[in-house]
$ cat model.csv   # CSV, C-alpha atoms
chain,number,residue,atom,x,y,z
A,268,MET,CA,15.4,179.3,-106.7
A,269,VAL,CA,16.6,177.8,-103.4
A,270,SER,CA,13.6,179.3,-101.6
A,271,PHE,CA,11.2,177.8,-104.2
A,272,PHE,CA,12.6,174.3,-103.7
A,273,THR,CA,12.7,174.7,-100.0
A,274,ALA,CA,9.0,175.7,-100.0
A,275,ILE,CA,8.1,172.8,-102.3
A,276,GLY,CA,10.0,170.4,-100.0
A,277,GLY,CA,8.2,171.8,-97.0
A,278,PHE,CA,4.8,171.3,-98.7
A,279,PHE,CA,5.5,167.7,-99.4
A,280,VAL,CA,6.9,167.0,-95.9
A,281,ALA,CA,3.7,168.6,-94.4
A,282,LEU,CA,1.6,166.5,-96.7
A,283,TRP,CA,3.5,163.4,-95.9
A,284,SER,CA,3.2,164.1,-92.1
A,285,ILE,CA,-0.6,164.3,-92.5
A,286,LEU,CA,-0.8,161.1,-94.6
A,287,THR,CA,1.5,159.1,-92.2
A,288,SER,CA,-0.8,159.7,-89.4
A,289,PHE,CA,-3.3,157.4,-91.1
A,290,LEU,CA,-1.0,154.9,-92.9
A,291,PRO,CA,-0.7,151.4,-91.3
A,292,PHE,CA,3.1,151.2,-91.7
A,293,CYS,CA,3.4,154.4,-89.6
A,294,LEU,CA,1.7,152.9,-86.6
A,295,ILE,CA,3.6,152.2,-83.4
A,296,ASP,CA,2.8,150.0,-80.3
A,297,ILE,CA,4.5,149.5,-76.9
A,298,SER,CA,5.7,145.9,-77.3
A,299,VAL,CA,7.4,145.7,-73.9
A,300,GLU,CA,6.1,147.8,-71.0
A,301,PRO,CA,8.6,149.8,-68.9
A,302,ALA,CA,10.8,148.7,-66.1
A,303,VAL,CA,12.6,151.0,-63.7
A,304,PHE,CA,16.3,150.2,-63.1
A,305,GLU,CA,18.6,151.3,-60.3
A,306,CYS,CA,21.4,153.4,-61.7
A,307,GLY,CA,23.5,153.7,-58.6
A,308,ASN,CA,23.2,157.5,-58.1
A,309,ASP,CA,20.4,160.0,-57.8
A,310,ASN,CA,18.6,158.7,-60.9
A,311,TYR,CA,16.5,155.8,-62.1
A,312,CYS,CA,16.6,154.5,-65.7
A,313,ILE,CA,13.2,153.7,-67.3
A,314,VAL,CA,13.4,151.3,-70.3
A,315,TRP,CA,10.8,150.0,-72.7
A,316,GLU,CA,10.4,148.7,-76.2
A,317,THR,CA,8.2,149.7,-79.1
A,318,SER,CA,7.1,147.7,-82.2
A,319,THR,CA,9.0,150.1,-84.5
A,320,LYS,CA,11.6,152.8,-84.1
A,321,GLY,CA,10.7,156.3,-83.0
A,322,SER,CA,11.1,158.8,-80.1
A,323,GLY,CA,10.6,158.0,-76.4
A,324,TYR,CA,9.6,160.1,-73.4
A,325,VAL,CA,8.5,159.8,-69.8
A,326,GLU,CA,5.7,162.0,-68.5
A,327,TYR,CA,4.9,162.8,-64.8
A,328,THR,CA,3.9,165.6,-62.5
A,329,TYR,CA,6.3,166.8,-59.8
A,330,ASN,CA,5.6,169.6,-57.4
A,331,GLY,CA,2.6,170.7,-59.5
A,332,GLU,CA,4.7,170.9,-62.7
A,333,GLU,CA,4.1,168.6,-65.6
A,334,LYS,CA,7.4,167.2,-66.8
A,335,VAL,CA,8.4,165.4,-70.0
A,336,VAL,CA,11.8,163.8,-70.1
A,337,TRP,CA,13.0,162.6,-73.5
A,338,ASP,CA,15.3,159.7,-74.6
A,339,GLU,CA,17.9,162.1,-75.9
A,340,ARG,CA,21.7,162.3,-76.4
A,341,SER,CA,23.3,165.7,-75.9
A,342,GLY,CA,20.0,167.4,-76.8
A,343,VAL,CA,19.1,165.3,-79.8
A,344,ILE,CA,16.0,163.1,-79.3
A,345,ARG,CA,16.8,159.5,-80.4
A,346,THR,CA,14.5,158.1,-83.1
A,347,ASP,CA,16.6,155.3,-84.6
A,348,ASP,CA,15.8,152.5,-82.0
A,349,THR,CA,13.0,150.4,-80.8
A,350,VAL,CA,14.4,150.2,-77.2
A,351,HIS,CA,14.0,153.5,-75.3
A,352,LYS,CA,15.9,154.7,-72.2
A,353,VAL,CA,15.0,157.7,-70.2
A,354,VAL,CA,16.9,158.8,-67.0
A,355,VAL,CA,14.8,160.5,-64.4
A,356,PRO,CA,15.7,161.9,-60.9
A,357,LYS,CA,14.7,159.4,-58.1
A,358,GLU,CA,13.2,162.1,-55.9
A,359,GLU,CA,10.8,163.1,-58.7
A,360,ILE,CA,9.2,159.7,-59.3
A,361,GLN,CA,9.5,158.0,-55.9
A,362,GLY,CA,5.9,157.6,-54.7
A,363,ASN,CA,4.7,159.2,-57.9
A,364,ALA,CA,2.8,158.2,-61.1
A,365,TYR,CA,4.4,158.2,-64.6
A,366,LYS,CA,3.7,157.0,-68.1
A,367,VAL,CA,5.9,156.4,-71.1
A,368,GLY,CA,5.2,157.4,-74.7
A,369,SER,CA,6.7,157.0,-78.2
A,370,GLN,CA,6.1,158.5,-81.6
A,371,TYR,CA,6.8,156.8,-84.9
A,372,VAL,CA,9.5,158.6,-86.8
A,373,GLY,CA,10.2,157.4,-90.3
A,374,PHE,CA,13.2,159.6,-91.0
A,375,LYS,CA,14.8,162.8,-89.9
A,376,TYR,CA,15.9,165.1,-92.7
A,377,GLY,CA,18.1,168.1,-92.4
A,378,TYR,CA,15.2,170.5,-91.9
A,379,SER,CA,12.1,168.3,-91.4
A,380,ALA,CA,11.0,164.8,-90.4
A,381,SER,CA,8.3,162.3,-91.4
A,382,LYS,CA,6.4,161.3,-88.3
A,383,GLY,CA,3.4,159.1,-87.6
A,384,GLN,CA,1.3,157.8,-84.7
A,385,THR,CA,2.1,158.5,-81.0
A,386,VAL,CA,1.4,155.8,-78.4
A,387,GLU,CA,1.4,156.0,-74.6
A,388,SER,CA,1.4,153.4,-71.8
A,389,GLU,CA,-1.0,153.2,-68.9
A,390,GLU,CA,-0.1,155.3,-65.8
A,391,TYR,CA,2.2,153.4,-63.4
A,392,ASN,CA,2.2,154.2,-59.7
A,393,PHE,CA,5.9,153.9,-58.8
A,394,ASN,CA,6.7,152.9,-55.3
A,395,GLY,CA,10.5,153.1,-54.9
A,396,VAL,CA,10.1,155.0,-51.6
A,397,PRO,CA,12.9,153.9,-49.2
A,398,LYS,CA,11.6,152.5,-45.9
A,399,ASP,CA,13.2,152.8,-42.5
A,400,ASP,CA,13.2,149.1,-42.0
A,401,ASP,CA,11.5,145.8,-43.0
A,402,ILE,CA,12.8,145.9,-46.6
A,403,LYS,CA,11.9,143.0,-48.8
A,404,ILE,CA,14.1,142.0,-51.7
A,405,LEU,CA,12.9,139.4,-54.3
A,406,CYS,CA,16.0,137.6,-55.6
A,407,ILE,CA,15.8,136.2,-59.1
A,408,SER,CA,18.8,134.5,-60.7
A,409,ASP,CA,19.5,132.0,-63.6
A,410,ILE,CA,16.1,132.0,-65.3
A,411,HIS,CA,17.5,130.5,-68.5
A,412,TYR,CA,14.1,130.7,-70.2
A,413,MET,CA,12.3,128.9,-67.3
A,414,GLU,CA,9.7,131.7,-66.9
A,415,LYS,CA,6.9,129.3,-66.4
A,416,GLU,CA,8.6,127.6,-63.5
A,417,MET,CA,9.7,131.0,-62.1
A,418,TYR,CA,6.2,132.3,-61.8
A,419,GLU,CA,5.1,129.0,-60.2
A,420,SER,CA,7.7,129.6,-57.6
A,421,LEU,CA,6.6,133.2,-57.0
A,422,GLU,CA,3.1,132.0,-56.1
A,423,TYR,CA,4.5,130.8,-52.8
A,424,PHE,CA,5.6,134.3,-51.8
A,425,THR,CA,2.7,136.3,-50.4
A,426,GLU,CA,4.4,139.6,-49.6
A,427,LYS,CA,5.1,142.2,-52.2
A,428,PRO,CA,8.8,143.1,-52.5
A,429,ASP,CA,10.3,146.6,-52.2
A,430,LEU,CA,13.2,145.8,-54.6
A,431,ILE,CA,13.9,143.2,-57.3
A,432,ALA,CA,17.4,141.8,-57.2
A,433,TYR,CA,17.8,140.6,-60.8
A,434,LEU,CA,20.9,138.5,-60.4
A,435,GLY,CA,21.9,137.6,-63.9
A,436,ASP,CA,21.7,134.8,-66.5
A,437,VAL,CA,18.1,135.7,-67.5
A,438,THR,CA,19.1,134.3,-70.9
A,439,SER,CA,21.7,131.7,-72.0
A,440,ASP,CA,23.3,134.2,-74.5
A,441,LEU,CA,22.7,137.6,-76.0
A,442,ILE,CA,22.9,137.3,-79.8
A,443,THR,CA,20.1,139.7,-80.7
A,444,LYS,CA,18.4,142.8,-79.3
A,445,ASP,CA,15.1,140.8,-79.4
A,446,GLN,CA,16.5,138.5,-76.7
A,447,PHE,CA,17.3,141.5,-74.5
A,448,ALA,CA,13.8,142.9,-75.0
A,449,ASP,CA,11.8,139.7,-74.9
A,450,TYR,CA,13.5,138.3,-71.8
A,451,ILE,CA,15.7,140.7,-69.8
A,452,LEU,CA,13.4,143.7,-70.3
A,453,LYS,CA,10.1,141.9,-70.4
A,454,ASP,CA,10.8,139.8,-67.3
A,455,ALA,CA,12.0,142.9,-65.4
A,456,HIS,CA,8.6,144.5,-66.2
A,457,ASP,CA,6.6,141.5,-65.4
A,458,LEU,CA,8.3,141.0,-62.1
A,459,SER,CA,8.2,144.6,-61.0
A,460,GLY,CA,5.0,145.7,-62.8
A,461,GLY,CA,6.9,148.9,-63.6
A,462,GLU,CA,6.3,149.9,-60.0
A,463,ILE,CA,9.3,148.5,-58.1
A,464,PRO,CA,13.0,149.3,-58.6
A,465,VAL,CA,15.0,146.6,-60.4
A,466,ILE,CA,18.7,146.0,-59.5
A,467,TYR,CA,20.3,144.5,-62.6
A,468,THR,CA,23.4,142.3,-62.1
A,469,ARG,CA,25.0,141.0,-65.3
A,470,GLY,CA,25.4,137.3,-65.5
A,471,ASN,CA,28.2,135.5,-67.4
A,472,HIS,CA,25.7,134.2,-70.1
A,473,GLU,CA,24.8,137.8,-70.8
A,474,THR,CA,28.3,138.4,-72.0
A,475,ARG,CA,28.0,136.0,-74.8
A,476,GLY,CA,26.7,136.8,-78.3
A,477,GLU,CA,26.7,139.7,-80.8
A,478,PHE,CA,24.5,141.9,-78.8
A,479,ALA,CA,26.4,141.4,-75.5
A,480,SER,CA,28.6,144.4,-76.2
A,481,GLN,CA,25.6,146.7,-76.7
A,482,ILE,CA,23.5,145.9,-73.7
A,483,ILE,CA,25.3,148.6,-71.6
A,484,ASP,CA,23.8,151.2,-73.9
A,485,TYR,CA,20.4,150.6,-72.4
A,486,PHE,CA,21.4,151.3,-68.8
A,487,ALA,CA,22.7,154.4,-67.1
A,488,MET,CA,24.9,153.2,-64.2
A,489,GLU,CA,26.9,155.9,-62.5
A,490,THR,CA,30.2,154.2,-63.5
A,491,ASN,CA,29.0,153.6,-67.1
A,492,GLU,CA,29.7,149.9,-66.3
A,493,PHE,CA,27.8,147.0,-64.7
A,494,TYR,CA,29.2,147.7,-61.3
A,495,TYR,CA,28.0,150.5,-59.0
A,496,THR,CA,26.8,151.3,-55.5
A,497,PHE,CA,23.3,152.5,-54.3
A,498,GLU,CA,21.3,153.2,-51.2
A,499,PHE,CA,17.8,152.4,-50.3
A,500,GLY,CA,16.9,153.7,-46.8
A,501,PRO,CA,19.0,151.8,-44.3
A,502,LEU,CA,20.5,149.6,-47.0
A,503,SER,CA,23.8,150.4,-48.7
A,504,ALA,CA,24.7,148.0,-51.5
A,505,ILE,CA,27.5,147.2,-53.9
A,506,VAL,CA,26.7,145.7,-57.2
A,507,LEU,CA,29.6,143.8,-58.8
A,508,ASP,CA,30.0,142.4,-62.3
A,509,SER,CA,31.6,139.0,-62.0
A,510,GLY,CA,31.9,138.8,-65.8
A,511,GLU,CA,32.8,135.6,-67.5
A,512,ASP,CA,33.5,132.4,-65.5
A,513,LYS,CA,36.5,131.2,-67.5
A,514,GLU,CA,39.9,132.6,-68.6
A,515,ASP,CA,39.9,134.9,-71.7
A,516,ASP,CA,41.7,132.3,-73.9
A,517,HIS,CA,38.9,129.7,-73.4
A,518,GLN,CA,37.7,128.4,-76.8
A,519,GLU,CA,34.1,129.5,-76.0
A,520,TYR,CA,35.1,133.1,-76.4
A,521,SER,CA,36.9,132.9,-79.8
A,522,GLY,CA,39.5,135.3,-78.6
A,523,LEU,CA,36.9,138.1,-78.5
A,524,VAL,CA,36.8,139.0,-74.8
A,525,ASP,CA,39.1,141.1,-72.5
A,526,PHE,CA,37.7,140.4,-69.0
A,527,ALA,CA,41.2,140.3,-67.6
A,528,GLY,CA,41.5,144.1,-68.3
A,529,TYR,CA,37.9,144.7,-67.2
A,530,ARG,CA,38.4,142.9,-63.9
A,531,GLU,CA,41.5,145.0,-63.2
A,532,GLN,CA,39.5,148.1,-63.8
A,533,GLU,CA,36.6,146.9,-61.6
A,534,TYR,CA,38.9,145.7,-58.8
A,535,LYS,CA,40.6,149.1,-58.7
A,536,TRP,CA,37.2,150.8,-58.5
A,537,LEU,CA,36.2,148.4,-55.6
A,538,ASN,CA,39.3,149.2,-53.7
A,539,SER,CA,38.6,153.0,-54.2
A,540,LEU,CA,35.3,152.8,-52.2
A,541,GLU,CA,35.6,154.4,-48.8
A,542,LYS,CA,34.4,152.8,-45.5
A,543,SER,CA,32.8,156.1,-44.6
A,544,GLU,CA,30.4,155.8,-47.5
A,545,PHE,CA,28.7,152.8,-45.7
A,546,ALA,CA,29.3,153.8,-42.1
A,547,ASP,CA,25.7,154.9,-41.3
A,548,SER,CA,23.9,152.0,-42.9
A,549,LYS,CA,22.2,149.3,-40.9
A,550,TYR,CA,22.4,146.7,-43.8
A,551,LYS,CA,25.4,146.3,-46.1
A,552,ILE,CA,24.9,143.8,-49.0
A,553,THR,CA,26.9,143.0,-52.1
A,554,PHE,CA,25.2,141.6,-55.1
A,555,SER,CA,27.2,139.6,-57.7
A,556,HIS,CA,26.1,137.0,-60.2
A,557,ASN,CA,29.0,134.8,-59.0
A,558,PRO,CA,29.0,135.5,-55.2
A,559,VAL,CA,32.0,133.3,-54.4
A,560,LEU,CA,34.8,135.8,-54.7
A,561,ASN,CA,37.5,134.8,-52.3
A,562,ASN,CA,39.6,133.6,-55.3
A,563,HIS,CA,38.2,135.4,-58.2
A,564,PHE,CA,40.7,134.8,-61.0
A,565,GLY,CA,43.6,134.8,-58.5
A,566,LYS,CA,42.5,137.7,-56.3
A,567,ASP,CA,40.5,137.8,-53.1
A,568,TRP,CA,37.7,140.2,-53.8
A,569,THR,CA,36.3,139.6,-50.3
A,570,ALA,CA,39.2,141.5,-48.7
A,571,PRO,CA,38.0,145.0,-49.8
A,572,LEU,CA,34.4,143.9,-49.0
A,573,LYS,CA,35.4,143.0,-45.5
A,574,ASN,CA,37.2,146.3,-45.1
A,575,LEU,CA,33.9,148.0,-46.0
A,576,ASP,CA,32.1,145.8,-43.3
A,577,MET,CA,29.7,144.1,-45.8
A,578,ASP,CA,27.2,141.8,-44.1
A,579,LEU,CA,26.5,139.5,-47.0
A,580,ILE,CA,27.2,138.6,-50.6
A,581,VAL,CA,24.2,137.6,-52.6
A,582,GLY,CA,24.2,135.9,-56.0
A,583,GLY,CA,23.3,132.9,-58.2
A,584,HIS,CA,25.4,131.2,-60.9
A,585,TYR,CA,25.7,127.8,-59.2
A,586,HIS,CA,22.1,126.6,-59.8
A,587,LYS,CA,21.6,125.5,-56.2
A,588,SER,CA,20.4,127.0,-52.9
A,589,GLU,CA,23.1,127.4,-50.3
A,590,PHE,CA,24.3,129.5,-47.5
A,591,LYS,CA,28.0,129.7,-46.7
A,592,ASP,CA,28.8,131.0,-43.2
A,593,GLY,CA,32.0,132.8,-42.4
A,594,GLU,CA,33.5,136.2,-41.8
A,595,LEU,CA,31.7,137.4,-44.9
A,596,PRO,CA,28.7,135.1,-45.5
A,597,VAL,CA,27.5,134.1,-48.9
A,598,PHE,CA,23.9,133.5,-50.0
A,599,ILE,CA,23.5,131.6,-53.2
A,600,ASP,CA,20.0,132.0,-54.7
A,601,CYS,CA,19.0,129.0,-56.7
A,602,GLY,CA,17.1,129.8,-60.0
A,603,LYS,CA,17.3,126.8,-62.3
A,604,ASN,CA,18.1,123.9,-60.0
A,605,LYS,CA,20.8,121.6,-61.3
A,606,ASN,CA,19.9,119.0,-58.6
A,607,ALA,CA,16.3,118.5,-59.8
A,608,ALA,CA,15.4,118.7,-63.5
A,609,GLY,CA,12.5,121.0,-64.3
A,610,THR,CA,12.6,122.8,-60.9
A,611,TRP,CA,13.3,126.4,-60.3
A,612,ALA,CA,13.5,128.5,-57.1
A,613,ALA,CA,13.3,132.1,-56.1
A,614,SER,CA,14.2,133.8,-52.8
A,615,MET,CA,13.0,136.6,-50.6
A,616,MET,CA,15.3,138.5,-48.3
A,617,THR,CA,13.8,140.5,-45.5
A,618,LEU,CA,15.9,143.2,-43.8
A,619,LYS,CA,14.3,143.8,-40.4
A,620,ASP,CA,15.3,144.7,-36.8
A,621,GLY,CA,19.0,144.4,-37.7
A,622,LYS,CA,18.6,140.9,-39.1
A,623,ILE,CA,18.7,139.5,-42.6
A,624,HIS,CA,16.2,136.6,-43.3
A,625,MET,CA,16.7,134.5,-46.4
A,626,LEU,CA,13.9,132.2,-47.7
A,627,THR,CA,14.2,130.1,-50.9
A,628,ILE,CA,11.1,128.2,-52.3
A,629,ASP,CA,11.0,126.2,-55.5
A,630,ASN,CA,8.1,125.8,-58.0
A,631,SER,CA,6.7,122.8,-56.1
A,632,GLY,CA,6.5,124.7,-52.8
A,633,ASN,CA,9.5,123.1,-51.3
A,634,VAL,CA,11.5,125.3,-48.9
A,635,LEU,CA,15.2,124.9,-49.9
A,636,LEU,CA,16.6,127.4,-47.5
A,637,ASP,CA,15.4,129.3,-44.4
A,638,LYS,CA,18.1,131.3,-42.7
A,639,THR,CA,18.5,134.4,-40.5
A,640,ILE,CA,21.7,136.2,-39.7
A,641,ASP,CA,22.6,139.4,-37.8
A,642,ALA,CA,23.5,142.4,-39.9

$ encode --input "model.csv" --output "structure tokens"
Amino acid sequence: MVSFFTAIGGFFVALWSILTSFLPFCLIDISVEPAVFECGNDNYCIVWETSTKGSGYVEYTYNGEEKVVWDERSGVIRTDDTVHKVVVPKEEIQGNAYKVGSQYVGFKYGYSASKGQTVESEEYNFNGVPKDDDIKILCISDIHYMEKEMYESLEYFTEKPDLIAYLGDVTSDLITKDQFADYILKDAHDLSGGEIPVIYTRGNHETRGEFASQIIDYFAMETNEFYYTFEFGPLSAIVLDSGEDKEDDHQEYSGLVDFAGYREQEYKWLNSLEKSEFADSKYKITFSHNPVLNNHFGKDWTAPLKNLDMDLIVGGHYHKSEFKDGELPVFIDCGKNKNAAGTWAASMMTLKDGKIHMLTIDNSGNVLLDKTIDA
């Protein structure tokens, strides 16, 4: 009797699988094309969105072998989400081509599944190959939904970057997953074309809203948090998460944050970094949404950074373009300009010949900052 019902069930599942290949509600599209994020270890994290839930995979060829890497957790392929995350080894896609794909999955049963259409992206030629020198880093901070002005600013930069420093506050809050996909993820793809590594630095506005606690699930940093280290040729970098910009008891947070504890954890991690990890690097840069860290909630975060011989802290947050000289210089990228309504500015950093050049241009072509320092 059990075998009979199992056979009948299998027949209907097979029939359903055939039918769903042609039914409109079983179709799937790539709604946000992929971006490749720095993870801070030997891997990159490739993230994209589809119009409906299903599976996700990345396909490429490495050393003559065709490889398919799935969006999976402990061996189980995820099919319950529209945002897909696949972790791939850096060495296997640097200078290589890849594409992403997803299949509609209506439901997974105990012994079968109802599946529909499969969709694949175009093939992307990923750069991400560390250079010996002359590294260009496009700095983008505090977009706050001013994408139009951002792209106007980018027209004034003629050279293609090697890295995108995505310095936070892409949105003004994170209430829904759609905001993450439509802005953080889509802007990351549009800026990088899926071909350049993106360094994501969380902004304080991206800690606000119902979805803010879930965003970490779509990245794969080595620390499982938004702070990490990475290397790119002669560049060694620390990415910090400056978190919220007010005390935890501020009324804006409704008593639903614990950044005091989070900062203690991060500060302990920062102090655990060894100087030897950065000793052989020509350029040493720290990225932080809020780059002014000499009195960060009562602690001097620049002290451990100075001990590691950092050359520069780069961030945004203040909605202005500024360079602060000193023992550990600070470069504030502009983004949404508080000093001129309707204006927005991006920056390009060039690491070359032992020097760091910073250039900030707004969407009217005005040069707000042009500064070079020794590394």

$ residues_near_point --input "model.csv" --point "(10.3, 163.2, -56.8)" --cutoff "12 Å" --atoms "all atoms listed in the file" --output "list in words"
Asp309, Asn310, Tyr311, Tyr327, Thr328, Tyr329, Asn330, Gly331, Glu332, Lys334, Val355, Pro356, Lys357, Glu358, Glu359, Ile360, Gln361, Gly362, Asn363, Ala364, Tyr365, Phe393, Asn394, Gly395 and Val396 of chain A

$ closest_residue --input "model.csv" --among "A:Trp611, A:Tyr391, A:Tyr485, A:Phe499" --to "His456 of chain A" --atoms "all atoms listed in the file"
A:Tyr391

$ residues_around --input "model.csv" --residues "Pro501 of chain A" --least-positions-apart "5" --cutoff "7 Å" --atoms "only C-alpha atoms" --output "NGL selection string"
:A and (399-400 or 548-550)

$ closest_residue --input "model.csv" --among "A:Asp436, A:Asp516, A:Glu473, A:Glu531" --to "Gly583 of chain A" --atoms "all atoms listed in the file"
A:Asp436

$ closest_atom_pairs --input "model.csv" --of "segment 415-508 of chain A" --to "segment 406-409 of chain A" --cutoff "10 Å" --atoms "all atoms listed in the file" --output "tab-separated table"
residue	atom	partner	partner_atom	distance
A:Met417	CA	A:Ile407	CA	8.6
A:Leu421	CA	A:Ile407	CA	9.9
A:Pro428	CA	A:Cys406	CA	9.6
A:Leu430	CA	A:Cys406	CA	8.7
A:Ile431	CA	A:Cys406	CA	6.2
A:Ala432	CA	A:Cys406	CA	4.7
A:Tyr433	CA	A:Ile407	CA	5.1
A:Leu434	CA	A:Ser408	CA	4.5
A:Gly435	CA	A:Ser408	CA	5.4
A:Asp436	CA	A:Asp409	CA	4.6
A:Val437	CA	A:Asp409	CA	5.6
A:Thr438	CA	A:Asp409	CA	7.7
A:Ser439	CA	A:Asp409	CA	8.7
A:Ala455	CA	A:Ile407	CA	10.0
A:Leu458	CA	A:Ile407	CA	9.4
A:Ile466	CA	A:Cys406	CA	9.6
A:Thr468	CA	A:Ser408	CA	9.2
A:Gly470	CA	A:Asp409	CA	8.2
A:His472	CA	A:Asp409	CA	9.2

$ residues_around --input "model.csv" --residues "Val336 of chain A" --least-positions-apart "6" --cutoff "12 Å" --atoms "all atoms listed in the file" --output "PyMOL selection string"
chain A and resi 312-313+322-328+342+344+351-356+359-360+365-369

$ write_last_selection --input "model.csv" --atoms "C-alpha atoms" --output "CSV table (one decimal), in the frame of the given file"
chain,number,residue,atom,x,y,z
A,312,CYS,CA,16.6,154.5,-65.7
A,313,ILE,CA,13.2,153.7,-67.3
A,322,SER,CA,11.1,158.8,-80.1
A,323,GLY,CA,10.6,158.0,-76.4
A,324,TYR,CA,9.6,160.1,-73.4
A,325,VAL,CA,8.5,159.8,-69.8
A,326,GLU,CA,5.7,162.0,-68.5
A,327,TYR,CA,4.9,162.8,-64.8
A,328,THR,CA,3.9,165.6,-62.5
A,342,GLY,CA,20.0,167.4,-76.8
A,344,ILE,CA,16.0,163.1,-79.3
A,351,HIS,CA,14.0,153.5,-75.3
A,352,LYS,CA,15.9,154.7,-72.2
A,353,VAL,CA,15.0,157.7,-70.2
A,354,VAL,CA,16.9,158.8,-67.0
A,355,VAL,CA,14.8,160.5,-64.4
A,356,PRO,CA,15.7,161.9,-60.9
A,359,GLU,CA,10.8,163.1,-58.7
A,360,ILE,CA,9.2,159.7,-59.3
A,365,TYR,CA,4.4,158.2,-64.6
A,366,LYS,CA,3.7,157.0,-68.1
A,367,VAL,CA,5.9,156.4,-71.1
A,368,GLY,CA,5.2,157.4,-74.7
A,369,SER,CA,6.7,157.0,-78.2

$ residues_around --input "model.csv" --residues "Glu533 of chain A" --least-positions-apart "6" --cutoff "10 Å" --atoms "all atoms listed in the file" --output "number ranges by chain"
A: 490, 492-495, 507-509, 526, 539

$ residues_near_point --input "model.csv" --point "(15.4, 139.2, -74.2)" --cutoff "12 Å" --atoms "all atoms listed in the file" --output "ChimeraX atom specification"
/A:299,315-316,350,410-412,414,436-456,473,478-479,482

$ atom_distance --input "model.csv" --atom1 "atom CA of Thr569 of chain A" --atom2 "atom CA of Leu502 of chain A"
19.0 Å

$ closest_residue --input "model.csv" --among "A:Asn630, A:Thr639, A:Thr553, A:Ser459" --to "Phe304 of chain A" --atoms "all atoms listed in the file"
A:Ser459

$ closest_residue --input "model.csv" --among "A:Gly632, A:Val343, A:Gly373, A:Trp337" --to "Leu294 of chain A" --atoms "only C-alpha atoms"
A:Gly373
